[in-house]
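Below is one structure, written out as structure tokens; the observations come after it.
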Amino acid sequence: MRNYITIIFFGFAFLPGSAQNIPSVWNMDDCMDYAVKHSNTVKKQEYGLSSAKADLQAAAASFLPSVNASAAAQYNWGRNIDPSTNTYNNVTTFNNYYDIYASIYLFDGGQVINSWKQAKIARQQGMNNVQKARDDKAIEIMQDFVDVVYCHGCTKFATQKLNDSRRTLHKTERQEELGMKGKPDVAQIKAQVAEDDYNLTHQQNLYNTALLKLKSDMNLPASDSLTIDTLLLDITPDFRMESTDEIYAYASTNNPAALAAKLNVKNLKLQYNINKGKLMPSISLAAGVSTSYYRNFSGSTSPLSFSNQFKNNRGEYVGATLKIPIFNQLSGVRDLRKARNNLRIAQADEDEALRKLRTDIEQSVMDRNGYAKEVVQMISKVDADAWAYHITQRKFEEGLMNAIDLQTSANTLLQSRISLLQKRMLYIMKDRLVTYYKGNGLITENK
């Protein structure tokens with residue numbers, strides 16, 4: 001019985017996708033890693049990469065000669081030609097032919113080697129497309145995760161404000177009973193409680209919507225629970241100056257967006273060379289061995305045996321073929337012009353992609369540094385607004401300020417906290433993007 005329990009335990013422990021591989025609290029890296037591994041878009045690009053590898057193998061095999069074998073059997077009756085005398089007769093015969101031959105291009109204007117190089121570029125494009133799909137999915141999940149954390153923080157602040165308003169309402173009602181406050185103050189505080197209650201419900205709905213979108217983009221079943229890590233709420237920004245030129249120098253040759261444009265130019269340049277090679281002469285070499293068997297059913301003499309004819313009728317041949325394209329209805333010239341124009345378009349797209357990449361890098365660095373400063377300033381503002389709200393609340397309890405002043409101070413504190421949270425979330429996203437442009441992965445291994 002103990003052995004059965006041990007087997008069952010280890011069986012569940014090593015089940016794929018078991019609960020031990022699912023984190024209880026998901027941080028940003030967990031969500032991005034799960035989404036990338038379960039993304040259908042990434043899987044499609046991986047299948048495309050597999051096809052590109054198969055095309056490369058086929059292109060490499062083009063350097064080898066092609067070998068073909070054929071066999072034919074022919075049964076003739078009635079009027080036909082006697083192969084021994086080459087005259088017409090009226091006999092029944094059987095002919096059997098065998099042939100094996102090989103051919104290879106000696107020169108084809110570089111079409112084979114350029115096709116092989118093009119297949120290598122296609123494989124690199126496939127690898128780059130897979131990486132780009134992974135990065136795009138990770139960035140998408142990063143945005144969703146930040147939205148969820150932001151909505152969670154807003155819900156937390158709304159809950160705190162509602163609790164504060166309810167405590168103030170309770171105190172105000174007691175003060176009214178003692179004659180220290182009037183009914184207008186109580187009515188104003190009740191209106192504030194109702195507004196805060198609505199705002200909390202609204203923030204909870206936004207949080208649920210953001211969480212559902214995160215699950216959907218992660219390809220996580222909506223019925224599964226997803227508890228997020230909210231440590232991002234307390235992150236303090238690190239302000240540092242970095243050279244955008246150095247970041248761009250690396251990203252322009254390693255970022256998937258830049259590589260996609262560069263590889264497309266290389267691919268179309270090879271396609272242009274292939275089309276140009278189609279207008280050149282080609283030389284091919286062929287060699288083979290053939291034999292045959294013949295039998296006359298109408299003759300009186302018995303035919304030679306199959307083995308004797310198969311050996312005696314054997315012949316070898318070798319030959320070369322020169323093809324010179326003279327006129328093909330201008331289709332070759334048309335394809336060459338289209339390939340040249342496509343190459344020029346790709347070069348223009350490459351310039352545009354690199355320009356956009358540089359702009360994105362400069363914008364991300366500028367935004368990250370700007371948000372870092374704003375976070376520091378907003379921390380001071382939140383502290384000041386919290387102190388001002390505390391003073392206003394004390395003065396309201398002492399009758400030195402009215403409910404409207406208290407409501408205004410509370411709303412100011414709430415907006416400051418939300419603004420600080422927003423700047424923190426934006427800083428986190430921009431900091432991750434800058435790190436990504438520098439060559440580090442979006443998903444950090446050290447979590």
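Residue numbers start at 1 in each chain; chains themselves are named A, B, ... in the order of the structure tokens; ligands are numbered from 1 in the order shown.
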
Please extract the residues of range 98-144 of chain A with a backbone DSSP assignment of alpha helix (DSSP H) and present them as a ChimeraX atom specification. /A:111-144

Could you produce a table of the residues of range 116-231 of chain A lying within 8 Å of range 432-443 of chain A, with the nearest pair of atoms per residue and their separation in Å rounded to one decimal, using only C-alpha atoms, ordered by chain and increasing residue number, as a Markdown table?
```
| residue | atom | partner | partner_atom | distance |
| --- | --- | --- | --- | --- |
| A:Asp135 | CA | A:Leu442 | CA | 7.1 |
| A:Ala138 | CA | A:Leu442 | CA | 6.8 |
| A:Ile139 | CA | A:Leu442 | CA | 7.6 |
```

With only C-alpha atoms as the counted atoms, please give the residues lying no more than 8 Å from range 143-147 of chain A, apart from itself and same-chain residues fewer than 2 positions off, as JSON, numbers by chain. {"A": [28, 31, 139, 140, 141, 149, 150, 151, 210, 211, 213, 214, 425, 429]}

Output the selection as a tab-separated table (two decimals), in the first residue's frame - all heavy atoms for each residue.
```tsv
chain	number	residue	atom	x	y	z
A	28	MET	N	5.12	40.65	-12.68
A	28	MET	CA	5.10	41.02	-14.10
A	28	MET	C	5.85	40.00	-14.95
A	28	MET	O	5.39	39.61	-16.04
A	28	MET	CB	5.71	42.41	-14.29
A	28	MET	CG	5.69	42.89	-15.73
A	28	MET	SD	6.53	44.47	-15.97
A	28	MET	CE	5.42	45.57	-15.10
A	31	CYS	N	3.82	36.77	-15.51
A	31	CYS	CA	2.75	36.94	-16.50
A	31	CYS	C	3.31	36.97	-17.92
A	31	CYS	O	2.77	36.35	-18.83
A	31	CYS	CB	1.96	38.21	-16.20
A	31	CYS	SG	1.02	38.16	-14.65
A	139	ILE	N	5.58	42.96	-24.27
A	139	ILE	CA	5.24	44.37	-24.09
A	139	ILE	C	3.74	44.54	-23.88
A	139	ILE	O	3.30	45.35	-23.06
A	139	ILE	CB	5.73	45.18	-25.31
A	139	ILE	CG1	7.25	45.20	-25.35
A	139	ILE	CG2	5.18	46.60	-25.28
A	139	ILE	CD1	7.84	45.87	-26.58
A	140	GLU	N	2.95	43.76	-24.62
A	140	GLU	CA	1.49	43.83	-24.45
A	140	GLU	C	1.09	43.42	-23.03
A	140	GLU	O	0.25	44.09	-22.39
A	140	GLU	CB	0.82	42.92	-25.47
A	140	GLU	CG	-0.70	42.92	-25.40
A	140	GLU	CD	-1.33	41.93	-26.35
A	140	GLU	OE1	-0.59	41.08	-26.92
A	140	GLU	OE2	-2.56	41.99	-26.54
A	141	ILE	N	1.69	42.34	-22.53
A	141	ILE	CA	1.36	41.89	-21.18
A	141	ILE	C	1.88	42.88	-20.14
A	141	ILE	O	1.23	43.10	-19.10
A	141	ILE	CB	1.96	40.49	-20.94
A	141	ILE	CG1	1.33	39.48	-21.91
A	141	ILE	CG2	1.72	40.05	-19.51
A	141	ILE	CD1	-0.18	39.40	-21.83
A	149	VAL	N	-2.31	46.74	-12.02
A	149	VAL	CA	-1.74	47.28	-10.79
A	149	VAL	C	-2.25	48.69	-10.54
A	149	VAL	O	-2.55	49.06	-9.39
A	149	VAL	CB	-0.20	47.26	-10.86
A	149	VAL	CG1	0.41	47.94	-9.64
A	149	VAL	CG2	0.31	45.82	-10.95
A	150	TYR	N	-2.35	49.48	-11.59
A	150	TYR	CA	-2.85	50.85	-11.45
A	150	TYR	C	-4.30	50.83	-10.95
A	150	TYR	O	-4.66	51.57	-10.01
A	150	TYR	CB	-2.75	51.56	-12.79
A	150	TYR	CG	-3.39	52.93	-12.81
A	150	TYR	CD1	-2.78	54.01	-12.20
A	150	TYR	CD2	-4.62	53.13	-13.43
A	150	TYR	CE1	-3.37	55.27	-12.20
A	150	TYR	CE2	-5.22	54.38	-13.44
A	150	TYR	CZ	-4.59	55.44	-12.83
A	150	TYR	OH	-5.18	56.68	-12.83
A	151	CYS	N	-5.15	50.01	-11.56
A	151	CYS	CA	-6.55	49.92	-11.13
A	151	CYS	C	-6.65	49.38	-9.70
A	151	CYS	O	-7.51	49.80	-8.92
A	151	CYS	CB	-7.34	49.05	-12.09
A	151	CYS	SG	-7.54	49.76	-13.75
A	210	ALA	N	-9.71	45.20	-16.34
A	210	ALA	CA	-8.27	45.12	-16.63
A	210	ALA	C	-7.74	43.73	-16.35
A	210	ALA	O	-6.91	43.19	-17.10
A	210	ALA	CB	-7.52	46.16	-15.81
A	211	LEU	N	-8.22	43.10	-15.26
A	211	LEU	CA	-7.76	41.75	-14.93
A	211	LEU	C	-8.23	40.74	-15.97
A	211	LEU	O	-7.48	39.83	-16.35
A	211	LEU	CB	-8.28	41.37	-13.55
A	211	LEU	CG	-7.77	40.04	-12.97
A	211	LEU	CD1	-6.26	40.10	-12.77
A	211	LEU	CD2	-8.46	39.72	-11.65
A	213	LYS	N	-8.81	41.38	-19.14
A	213	LYS	CA	-8.00	41.60	-20.35
A	213	LYS	C	-6.61	40.97	-20.19
A	213	LYS	O	-6.06	40.39	-21.14
A	213	LYS	CB	-7.88	43.09	-20.64
A	213	LYS	CG	-7.16	43.40	-21.96
A	213	LYS	CD	-7.15	44.88	-22.24
A	213	LYS	CE	-6.56	45.18	-23.64
A	213	LYS	NZ	-5.21	44.62	-23.81
A	214	LEU	N	-6.04	41.09	-19.01
A	214	LEU	CA	-4.73	40.47	-18.76
A	214	LEU	C	-4.82	38.96	-18.93
A	214	LEU	O	-3.96	38.34	-19.57
A	214	LEU	CB	-4.25	40.83	-17.36
A	214	LEU	CG	-2.95	40.17	-16.90
A	214	LEU	CD1	-1.79	40.54	-17.81
A	214	LEU	CD2	-2.63	40.55	-15.46
A	425	MET	N	3.77	53.94	-12.57
A	425	MET	CA	3.50	52.90	-13.57
A	425	MET	C	4.13	53.27	-14.92
A	425	MET	O	4.73	52.42	-15.61
A	425	MET	CB	2.00	52.70	-13.73
A	425	MET	CG	1.27	52.20	-12.48
A	425	MET	SD	1.84	50.58	-11.91
A	425	MET	CE	2.93	51.08	-10.56
A	429	MET	N	7.20	51.20	-17.04
A	429	MET	CA	7.12	50.78	-18.45
A	429	MET	C	8.26	51.36	-19.26
A	429	MET	O	8.92	50.65	-20.04
A	429	MET	CB	5.78	51.22	-19.04
A	429	MET	CG	4.59	50.42	-18.55
A	429	MET	SD	3.10	50.82	-19.47
A	429	MET	CE	3.63	50.47	-21.14
```

Quick one, how far is CA of Asp335 in chain A from CA of Asn275 in chain A?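 The value is 6.6 Å.
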
From range 128-360 of chain A, collect each residue whose DSSP state is strand (DSSP E or B) and return the set as a list in words.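 Of range 128-360 of chain A, only Ile228, Ser282, Ile283, Ser284, Leu285, Ala286, Ala287, Gly288, Val289, Ser290, Thr291, Ser292, Tyr293, Tyr294, Arg295, Asn296, Gly315, Glu316, Tyr317, Val318, Gly319, Ala320, Thr321, Leu322 and Lys323 of chain A fall in strand (DSSP E or B).
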
May I have the residues within 9 Å of Ser282 in chain A as a list of chain:residue names, using only C-alpha atoms and disregarding those fewer than 4 positions away in the same chain? A:Tyr105, A:Leu106, A:Phe107, A:Asp108, A:Gly109, A:Gly277, A:Lys278, A:Thr321, A:Leu322, A:Lys323, A:Ile324, A:Pro325

Print the selection's residues with N, CA and C atoms to a file, as a PDB file, in the first residue's frame.
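Written out: again_34.pdb:
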```
ATOM      1  N   TYR A 105      23.567  21.558 -63.038  1.00  0.00           N
ATOM      2  CA  TYR A 105      23.866  22.832 -63.670  1.00  0.00           C
ATOM      3  C   TYR A 105      25.313  23.206 -63.383  1.00  0.00           C
ATOM      4  N   LEU A 106      26.059  23.508 -64.443  1.00  0.00           N
ATOM      5  CA  LEU A 106      27.419  24.018 -64.300  1.00  0.00           C
ATOM      6  C   LEU A 106      27.423  25.532 -64.127  1.00  0.00           C
ATOM      7  N   PHE A 107      26.479  26.190 -64.783  1.00  0.00           N
ATOM      8  CA  PHE A 107      26.338  27.647 -64.654  1.00  0.00           C
ATOM      9  C   PHE A 107      24.885  28.007 -64.929  1.00  0.00           C
ATOM     10  N   ASP A 108      24.317  28.787 -64.010  1.00  0.00           N
ATOM     11  CA  ASP A 108      22.930  29.206 -64.180  1.00  0.00           C
ATOM     12  C   ASP A 108      22.723  30.670 -63.819  1.00  0.00           C
ATOM     13  N   GLY A 109      23.800  31.448 -63.956  1.00  0.00           N
ATOM     14  CA  GLY A 109      23.692  32.869 -63.622  1.00  0.00           C
ATOM     15  C   GLY A 109      23.628  33.129 -62.123  1.00  0.00           C
ATOM     16  N   GLY A 277      19.901  36.671 -62.987  1.00  0.00           N
ATOM     17  CA  GLY A 277      20.515  35.450 -63.475  1.00  0.00           C
ATOM     18  C   GLY A 277      19.645  34.702 -64.473  1.00  0.00           C
ATOM     19  N   LYS A 278      18.310  34.903 -64.393  1.00  0.00           N
ATOM     20  CA  LYS A 278      17.416  34.243 -65.350  1.00  0.00           C
ATOM     21  C   LYS A 278      17.597  34.762 -66.766  1.00  0.00           C
ATOM     22  N   THR A 321      24.246  20.869 -72.192  1.00  0.00           N
ATOM     23  CA  THR A 321      23.202  21.680 -72.805  1.00  0.00           C
ATOM     24  C   THR A 321      23.444  23.146 -72.490  1.00  0.00           C
ATOM     25  N   LEU A 322      23.390  23.956 -73.525  1.00  0.00           N
ATOM     26  CA  LEU A 322      23.531  25.402 -73.385  1.00  0.00           C
ATOM     27  C   LEU A 322      22.204  26.053 -73.742  1.00  0.00           C
ATOM     28  N   LYS A 323      21.652  26.800 -72.786  1.00  0.00           N
ATOM     29  CA  LYS A 323      20.405  27.517 -73.013  1.00  0.00           C
ATOM     30  C   LYS A 323      20.673  29.016 -72.998  1.00  0.00           C
ATOM     31  N   ILE A 324      20.213  29.662 -74.052  1.00  0.00           N
ATOM     32  CA  ILE A 324      20.383  31.121 -74.161  1.00  0.00           C
ATOM     33  C   ILE A 324      19.011  31.747 -74.291  1.00  0.00           C
ATOM     34  N   PRO A 325      18.568  32.486 -73.278  1.00  0.00           N
ATOM     35  CA  PRO A 325      17.254  33.144 -73.392  1.00  0.00           C
ATOM     36  C   PRO A 325      17.321  34.268 -74.429  1.00  0.00           C
TER      37      PRO A 325
END
```

Find the residues around Lys423 in chain A up to 9 Å (only C-alpha atoms counted), leave out those fewer than 4 positions away in its own chain, and share them as a PyMOL selection string. chain A and resi 371-372+374-375+378+418-419+427-428

Excluding range 296-313 of chain A and any residue of its chain fewer than 5 positions from it, enumerate the residues within 7 Å of it, using only C-alpha atoms, and give them as an mmCIF file with all heavy atoms, in the first residue's frame.
```
data_model
loop_
_atom_site.group_PDB
_atom_site.id
_atom_site.type_symbol
_atom_site.label_atom_id
_atom_site.label_comp_id
_atom_site.auth_asym_id
_atom_site.auth_seq_id
_atom_site.Cartn_x
_atom_site.Cartn_y
_atom_site.Cartn_z
ATOM 1 N N VAL A 91 3.399 -7.902 -86.892
ATOM 2 C CA VAL A 91 3.771 -8.877 -85.872
ATOM 3 C C VAL A 91 3.385 -8.329 -84.508
ATOM 4 O O VAL A 91 3.071 -7.149 -84.351
ATOM 5 C CB VAL A 91 5.292 -9.175 -85.907
ATOM 6 C CG1 VAL A 91 5.675 -9.850 -87.215
ATOM 7 C CG2 VAL A 91 6.087 -7.901 -85.677
ATOM 8 N N THR A 92 3.418 -9.210 -83.533
ATOM 9 C CA THR A 92 3.153 -8.820 -82.138
ATOM 10 C C THR A 92 4.475 -8.824 -81.382
ATOM 11 O O THR A 92 5.186 -9.844 -81.362
ATOM 12 C CB THR A 92 2.172 -9.803 -81.494
ATOM 13 O OG1 THR A 92 0.954 -9.812 -82.242
ATOM 14 C CG2 THR A 92 1.888 -9.407 -80.049
ATOM 15 N N THR A 93 4.770 -7.673 -80.765
ATOM 16 C CA THR A 93 6.070 -7.533 -80.094
ATOM 17 C C THR A 93 5.878 -6.959 -78.689
ATOM 18 O O THR A 93 4.835 -6.374 -78.351
ATOM 19 C CB THR A 93 6.992 -6.599 -80.888
ATOM 20 O OG1 THR A 93 6.369 -5.304 -80.983
ATOM 21 C CG2 THR A 93 7.262 -7.143 -82.278
ATOM 22 N N PHE A 94 6.934 -7.119 -77.891
ATOM 23 C CA PHE A 94 6.986 -6.548 -76.545
ATOM 24 C C PHE A 94 8.318 -5.845 -76.390
ATOM 25 O O PHE A 94 9.377 -6.412 -76.675
ATOM 26 C CB PHE A 94 6.835 -7.645 -75.487
ATOM 27 C CG PHE A 94 7.024 -7.137 -74.089
ATOM 28 C CD1 PHE A 94 6.022 -6.409 -73.457
ATOM 29 C CD2 PHE A 94 8.213 -7.383 -73.405
ATOM 30 C CE1 PHE A 94 6.200 -5.942 -72.165
ATOM 31 C CE2 PHE A 94 8.389 -6.918 -72.117
ATOM 32 C CZ PHE A 94 7.380 -6.189 -71.491
ATOM 33 N N THR A 291 19.193 0.700 -71.165
ATOM 34 C CA THR A 291 19.191 -0.631 -71.765
ATOM 35 C C THR A 291 17.755 -0.997 -72.123
ATOM 36 O O THR A 291 16.815 -0.254 -71.772
ATOM 37 C CB THR A 291 19.794 -1.662 -70.795
ATOM 38 O OG1 THR A 291 19.904 -2.928 -71.452
ATOM 39 C CG2 THR A 291 18.909 -1.826 -69.570
#
```
